[in-house]
file model18.txt (compact mmCIF, C-alpha atoms)
# COMPACT_ATOMS: atom_id res chain seq x y z
CA MET A 215 129.61 69.27 -221.07
CA LYS A 216 128.26 65.98 -219.73
CA ASP A 217 130.85 65.73 -216.93
CA LEU A 218 129.65 69.05 -215.51
CA ALA A 219 126.02 67.91 -215.28
CA PHE A 220 124.97 67.43 -211.69
CA PRO A 221 123.64 64.00 -210.72
CA TRP A 222 120.36 64.06 -208.77
CA HIS A 223 120.08 60.48 -207.49
CA GLY A 224 120.61 61.08 -203.76
CA GLY A 225 117.04 61.79 -202.78
CA ARG A 226 118.05 64.66 -200.49
CA PRO A 227 119.79 68.00 -201.12
CA SER A 228 122.68 67.16 -198.81
CA LEU A 229 123.38 63.85 -200.58
CA ASN A 230 123.11 65.47 -204.00
CA PHE A 231 125.50 68.19 -202.85
CA THR A 232 128.18 65.60 -202.00
CA ALA A 233 127.89 64.38 -205.60
CA THR A 234 129.39 67.63 -206.88
CA LEU A 235 132.76 65.90 -206.41
CA ALA A 236 132.90 62.92 -208.77
CA LYS A 237 135.12 59.84 -208.69
CA ARG A 238 136.14 60.14 -205.05
CA GLY A 239 138.00 56.83 -205.07
CA GLY A 240 140.20 57.73 -208.02
CA PRO A 241 141.16 60.91 -209.80
CA ALA A 242 138.44 63.17 -208.40
CA PHE A 243 136.57 65.55 -210.67
CA ASP A 244 135.07 68.71 -209.15
CA ARG A 245 131.84 69.91 -210.75
CA LEU A 246 132.04 73.08 -208.63
CA ARG A 247 134.85 74.73 -210.57
CA THR A 248 133.63 78.31 -210.37
CA PRO A 249 131.23 80.38 -208.25
CA ALA A 250 128.81 80.25 -211.20
CA ASP A 251 128.78 76.44 -210.95
CA LEU A 252 127.76 76.73 -207.30
CA ALA A 253 124.96 79.15 -208.18
CA ARG A 254 123.87 76.76 -210.96
CA TRP A 255 123.76 73.83 -208.51
CA PHE A 256 121.48 75.77 -206.13
CA HIS A 257 119.24 76.76 -209.05
CA GLU A 258 119.05 73.23 -210.47
CA ALA A 259 118.39 71.86 -206.97
CA GLY A 260 115.35 74.15 -206.78
CA LEU A 261 116.75 76.06 -203.82
CA ALA A 262 117.43 79.38 -205.56
CA ASP A 263 116.42 81.30 -208.64
CA HIS A 264 118.73 82.08 -211.53
CA SER A 265 119.73 85.46 -210.11
CA LEU A 266 121.83 83.99 -207.27
CA GLN A 267 125.37 85.32 -207.25
CA ALA A 268 128.13 83.33 -205.58
CA SER A 269 131.62 84.54 -204.73
CA GLY A 270 134.99 82.85 -204.54
CA LYS A 271 134.63 82.69 -200.76
CA ASP A 272 131.21 81.05 -201.18
CA LEU A 273 132.80 78.43 -203.44
CA THR A 274 135.57 77.74 -200.90
CA ASP A 275 132.99 77.46 -198.09
CA ALA A 276 130.80 75.18 -200.21
CA ARG A 277 133.65 72.81 -201.01
CA ALA A 278 134.65 72.61 -197.34
CA LEU A 279 131.04 71.97 -196.31
CA ARG A 280 130.67 69.33 -199.03
CA GLU A 281 133.62 67.38 -197.63
CA ALA A 282 132.38 67.74 -194.04
CA LEU A 283 128.98 66.44 -195.19
CA TYR A 284 130.50 63.48 -196.99
CA ALA A 285 132.57 62.58 -193.94
CA ALA A 286 129.60 62.89 -191.58
CA LEU A 287 127.41 60.81 -193.91
CA THR A 288 129.95 58.02 -194.38
CA THR A 289 132.10 57.92 -191.24
CA PRO A 290 130.57 57.38 -187.78
CA THR A 291 133.50 59.13 -186.08
CA ALA A 292 133.71 62.15 -188.43
CA ASP A 293 134.51 65.56 -187.00
CA LEU A 294 131.24 67.51 -186.85
CA THR A 295 132.70 70.95 -186.09
CA LEU A 296 132.26 72.47 -189.55
CA LEU A 297 128.87 70.84 -190.08
CA ASN A 298 127.71 72.23 -186.72
CA HIS A 299 128.96 75.68 -187.71
CA TRP A 300 126.54 75.63 -190.65
CA THR A 301 123.61 73.89 -188.94
CA THR A 302 123.47 76.44 -186.15
CA ARG A 303 123.18 79.43 -188.46
CA PRO A 304 119.69 80.91 -188.70
CA THR A 305 117.84 81.07 -192.01
CA PRO A 306 114.87 83.33 -192.75
CA GLY A 307 111.58 81.51 -192.61
CA SER A 308 108.81 81.42 -195.18
CA THR A 309 105.57 83.33 -194.78
CA LEU A 310 102.00 82.58 -195.78
CA GLU A 311 100.32 84.98 -198.14
CA ARG A 312 96.69 85.15 -199.25
CA THR A 313 96.18 85.21 -203.00
CA PRO A 314 93.01 85.04 -205.12
CA ASP A 315 93.78 81.31 -205.60
CA GLY A 316 94.21 80.61 -201.87
CA LEU A 317 97.21 80.51 -199.58
CA LYS A 318 100.69 80.62 -201.03
CA LEU A 319 103.97 79.96 -199.27
CA ARG A 320 106.39 82.79 -200.02
CA ARG A 321 109.96 81.78 -199.58
CA PRO A 322 112.51 84.49 -198.91
CA HIS A 323 115.39 85.10 -201.27
CA LEU A 324 118.32 83.30 -199.66
CA ASP A 325 121.93 84.20 -200.24
CA THR A 326 124.61 81.56 -200.73
CA GLU A 327 125.50 81.36 -197.03
CA ALA A 328 121.86 80.74 -196.11
CA LEU A 329 121.60 78.09 -198.82
CA LEU A 330 124.67 76.30 -197.48
CA THR A 331 122.95 76.35 -194.10
CA VAL A 332 119.85 74.78 -195.64
CA VAL A 333 121.99 71.97 -197.11
CA ALA A 334 123.78 71.41 -193.79
CA GLN A 335 120.49 71.36 -191.90
CA ASP A 336 119.14 68.81 -194.37
CA ALA A 337 122.12 66.55 -193.59
CA ALA A 338 121.59 66.99 -189.85
CA ASP A 339 117.90 66.08 -190.23
CA LEU A 340 118.83 63.04 -192.31
CA LEU A 341 121.55 61.86 -189.91
CA THR A 342 119.25 62.12 -186.90
CA GLY A 343 116.01 61.01 -188.52
CA PRO A 344 114.35 57.71 -189.36
CA LEU A 345 116.24 57.35 -192.67
CA ALA A 346 119.73 57.61 -191.14
CA HIS A 347 120.25 53.85 -191.38
CA ARG A 348 119.25 53.92 -195.05
CA ILE A 349 122.06 56.14 -196.32
CA ARG A 350 123.96 54.10 -198.90
CA GLU A 351 126.91 54.43 -201.23
CA CYS A 352 126.40 53.16 -204.77
CA ALA A 353 127.61 49.58 -205.20
CA HIS A 354 128.85 50.12 -208.76
CA PRO A 355 132.66 50.02 -208.91
CA GLY A 356 133.86 53.52 -209.68
CA CYS A 357 130.77 55.31 -208.35
CA TRP A 358 130.77 56.92 -204.93
CA LEU A 359 127.41 58.65 -205.00
CA LEU A 360 125.37 58.59 -201.82
CA PHE A 361 121.63 58.02 -201.78
CA VAL A 362 118.76 57.26 -199.42
CA ASP A 363 117.44 53.75 -199.88
CA GLU A 364 113.69 54.22 -199.71
CA SER A 365 112.90 50.87 -201.28
CA ARG A 366 110.30 48.80 -199.47
CA ALA A 367 112.71 45.89 -199.08
CA ASN A 368 115.57 48.17 -198.00
CA ASN A 369 117.83 46.59 -200.63
CA ARG A 370 118.58 49.30 -203.20
CA ARG A 371 122.19 48.97 -204.32
CA TRP A 372 122.78 51.61 -206.98
CA CYS A 373 122.44 55.37 -207.11
CA SER A 374 120.40 54.90 -210.28
CA MET A 375 119.12 51.80 -212.00
CA GLU A 376 119.32 53.63 -215.34
CA THR A 377 123.06 54.27 -215.00
CA CYS A 378 125.01 52.26 -212.44
CA GLY A 379 122.48 49.43 -212.09
CA ALA A 380 122.31 48.90 -215.84
CA ARG A 381 126.11 49.06 -216.19
CA THR A 382 126.58 46.49 -213.44
CA LYS A 383 124.04 44.12 -214.94
CA MET A 384 125.52 44.49 -218.43
CA SER A 385 129.05 43.77 -217.18
CA ARG A 386 127.77 40.61 -215.41
CA TYR A 387 125.95 39.56 -218.57
CA ARG A 388 129.07 39.97 -220.71
CA THR A 389 131.27 37.88 -218.41
call {"tool": "encode", "arguments": {"input": "model18.txt", "output": "structure tokens"}}
result
Amino acid sequence: MKDLAFPWHGGRPSLNFTATLAKRGGPAFDRLRTPADLARWFHEAGLADHSLQASGKDLTDARALREALYAALTTPTADLTLLNHWTTRPTPGSTLERTPDGLKLRRPHLDTEALLTVVAQDAADLLTGPLAHRIRECAHPGCWLLFVDESRANNRRWCSMETCGARTKMSRYRT
């Protein structure tokens, strides 16, 4: 189903994670309906393999983190308590391994809680890093996706030129 497809226009895992709730300004549509949807998001984001199992509690935690992320990314005075809960959790590190082809980075298998921590830490890095002032919300009416504006001129307006940018330009052309 097209509505359940995850958008990947944010440029960062934390921004893409906030996009799992669509149409924030109107009748919202949650793409994380089941624990399997959460596991699918982590897989499609490249953070986990297909064997990840998520529970109902994981889904509840993920939805709460998603809303804390969105608030922190869009509101300067947002409560950071829940975000800090996740950013302070440790995650297992990767190790280097020698192979016949050279060095390989072996990433540990992360469970859902560790993956939520990775997403929260990505948001913390973004909010405190050099791109913090380039976090944008799509300018298309009816789209609330967040993205990092990495354009040279710092003037990107849409989450995606192929979708929202094209729709906006077509609506201007027709009027």
call {"tool": "residues_around", "arguments": {"input": "model18.txt", "residues": "Pro249 (chain A)", "least_positions_apart": "3", "cutoff": "6 Å", "atoms": "all atoms listed in the file", "output": "list in words"}}
result
Leu252, Ala268, Ser269, Gly270 and Leu273 of chain A
call {"tool": "residues_around", "arguments": {"input": "model18.txt", "residues": "region 281-291 of chain A", "least_positions_apart": "3", "cutoff": "10 Å", "atoms": "all atoms listed in the file", "output": "JSON, numbers by chain"}}
result
{"A": [228, 229, 231, 232, 233, 235, 276, 277, 278, 294, 295, 296, 297, 298, 333, 334, 337, 338, 340, 341, 346, 349, 350, 351, 359, 360]}
call {"tool": "atom_distance", "arguments": {"input": "model18.txt", "atom1": "CA of Asp251 (chain A)", "atom2": "CA of Ser308 (chain A)"}}
result
25.9 Å
call {"tool": "atom_distance", "arguments": {"input": "model18.txt", "atom1": "CA of Ala242 (chain A)", "atom2": "CA of Thr274 (chain A)"}}
result
16.6 Å
call {"tool": "atom_distance", "arguments": {"input": "model18.txt", "atom1": "CA of Arg371 (chain A)", "atom2": "CA of Pro241 (chain A)"}}
result
23.1 Å
call {"tool": "closest_residue", "arguments": {"input": "model18.txt", "among": "A:Leu324, A:Ala292, A:Leu266, A:Leu319", "to": "Pro306 (chain A)", "atoms": "only C-alpha atoms"}}
result
A:Leu324
call {"tool": "closest_residue", "arguments": {"input": "model18.txt", "among": "A:Arg280, A:His257, A:His264, A:Arg303", "to": "Thr234 (chain A)", "atoms": "all atoms listed in the file"}}
result
A:Arg280
call {"tool": "closest_residue", "arguments": {"input": "model18.txt", "among": "A:Gln335, A:Ala236, A:Asp244, A:Phe220", "to": "Glu258 (chain A)", "atoms": "only C-alpha atoms"}}
result
A:Phe220
call {"tool": "closest_residue", "arguments": {"input": "model18.txt", "among": "A:Leu330, A:Leu317, A:Leu310, A:Ala367", "to": "Ala253 (chain A)", "atoms": "only C-alpha atoms"}}
result
A:Leu330
call {"tool": "residues_near_point", "arguments": {"input": "model18.txt", "point": "(117.0, 52.3, -204.5)", "cutoff": "12 Å", "atoms": "all atoms listed in the file", "output": "PyMOL selection string"}}
result
chain A and resi 223-225+348-353+360-376+378-379
call {"tool": "closest_residue", "arguments": {"input": "model18.txt", "among": "A:Ala259, A:Pro355, A:Leu279, A:Thr309", "to": "Pro221 (chain A)", "atoms": "all atoms listed in the file"}}
result
A:Ala259
call {"tool": "closest_residue", "arguments": {"input": "model18.txt", "among": "A:Gly239, A:Thr326, A:Ala262, A:Arg321", "to": "Asp275 (chain A)", "atoms": "only C-alpha atoms"}}
result
A:Thr326
call {"tool": "decode", "arguments": {"input": "model18.txt", "residues": "region 330-346 of chain A", "atoms": "N, CA, C and O atoms", "output": "mmCIF file, in the first residue's frame"}}
result
data_model
loop_
_atom_site.group_PDB
_atom_site.id
_atom_site.type_symbol
_atom_site.label_atom_id
_atom_site.label_comp_id
_atom_site.auth_asym_id
_atom_site.auth_seq_id
_atom_site.Cartn_x
_atom_site.Cartn_y
_atom_site.Cartn_z
ATOM 1 N N LEU A 330 16.519 2.466 18.699
ATOM 2 C CA LEU A 330 15.868 3.716 19.086
ATOM 3 C C LEU A 330 16.899 4.690 19.671
ATOM 4 O O LEU A 330 16.834 5.894 19.426
ATOM 5 N N THR A 331 17.855 4.144 20.401
ATOM 6 C CA THR A 331 18.940 4.968 20.933
ATOM 7 C C THR A 331 19.762 5.572 19.801
ATOM 8 O O THR A 331 20.124 6.756 19.841
ATOM 9 N N VAL A 332 20.050 4.787 18.785
ATOM 10 C CA VAL A 332 20.809 5.281 17.633
ATOM 11 C C VAL A 332 20.060 6.450 16.972
ATOM 12 O O VAL A 332 20.659 7.475 16.633
ATOM 13 N N VAL A 333 18.758 6.316 16.813
ATOM 14 C CA VAL A 333 17.955 7.378 16.200
ATOM 15 C C VAL A 333 17.964 8.627 17.089
ATOM 16 O O VAL A 333 18.128 9.752 16.599
ATOM 17 N N ALA A 334 17.816 8.445 18.383
ATOM 18 C CA ALA A 334 17.835 9.589 19.308
ATOM 19 C C ALA A 334 19.201 10.273 19.307
ATOM 20 O O ALA A 334 19.287 11.509 19.318
ATOM 21 N N GLN A 335 20.256 9.487 19.283
ATOM 22 C CA GLN A 335 21.598 10.066 19.254
ATOM 23 C C GLN A 335 21.844 10.815 17.949
ATOM 24 O O GLN A 335 22.522 11.850 17.936
ATOM 25 N N ASP A 336 21.289 10.323 16.851
ATOM 26 C CA ASP A 336 21.396 11.038 15.588
ATOM 27 C C ASP A 336 20.735 12.413 15.701
ATOM 28 O O ASP A 336 21.287 13.412 15.233
ATOM 29 N N ALA A 337 19.567 12.477 16.323
ATOM 30 C CA ALA A 337 18.883 13.763 16.504
ATOM 31 C C ALA A 337 19.706 14.696 17.382
ATOM 32 O O ALA A 337 19.828 15.890 17.085
ATOM 33 N N ALA A 338 20.286 14.156 18.453
ATOM 34 C CA ALA A 338 21.104 14.990 19.341
ATOM 35 C C ALA A 338 22.318 15.540 18.592
ATOM 36 O O ALA A 338 22.665 16.718 18.734
ATOM 37 N N ASP A 339 22.949 14.702 17.781
ATOM 38 C CA ASP A 339 24.091 15.152 16.977
ATOM 39 C C ASP A 339 23.658 16.242 15.994
ATOM 40 O O ASP A 339 24.361 17.235 15.801
ATOM 41 N N LEU A 340 22.504 16.055 15.377
ATOM 42 C CA LEU A 340 21.998 17.032 14.417
ATOM 43 C C LEU A 340 21.671 18.351 15.112
ATOM 44 O O LEU A 340 22.050 19.427 14.640
ATOM 45 N N LEU A 341 20.990 18.284 16.239
ATOM 46 C CA LEU A 341 20.574 19.493 16.954
ATOM 47 C C LEU A 341 21.740 20.293 17.530
ATOM 48 O O LEU A 341 21.612 21.497 17.749
ATOM 49 N N THR A 342 22.856 19.638 17.757
ATOM 50 C CA THR A 342 24.005 20.324 18.352
ATOM 51 C C THR A 342 25.148 20.525 17.362
ATOM 52 O O THR A 342 26.191 21.054 17.728
ATOM 53 N N GLY A 343 24.951 20.109 16.131
ATOM 54 C CA GLY A 343 26.014 20.173 15.135
ATOM 55 C C GLY A 343 25.869 21.344 14.180
ATOM 56 O O GLY A 343 24.975 22.191 14.309
ATOM 57 N N PRO A 344 26.727 21.376 13.176
ATOM 58 C CA PRO A 344 26.750 22.504 12.243
ATOM 59 C C PRO A 344 25.524 22.596 11.334
ATOM 60 O O PRO A 344 25.302 23.638 10.715
ATOM 61 N N LEU A 345 24.719 21.548 11.251
ATOM 62 C CA LEU A 345 23.530 21.580 10.395
ATOM 63 C C LEU A 345 22.251 21.923 11.159
ATOM 64 O O LEU A 345 21.160 21.939 10.581
ATOM 65 N N ALA A 346 22.362 22.212 12.435
ATOM 66 C CA ALA A 346 21.176 22.480 13.259
ATOM 67 C C ALA A 346 20.331 23.610 12.688
ATOM 68 O O ALA A 346 19.095 23.543 12.704
#
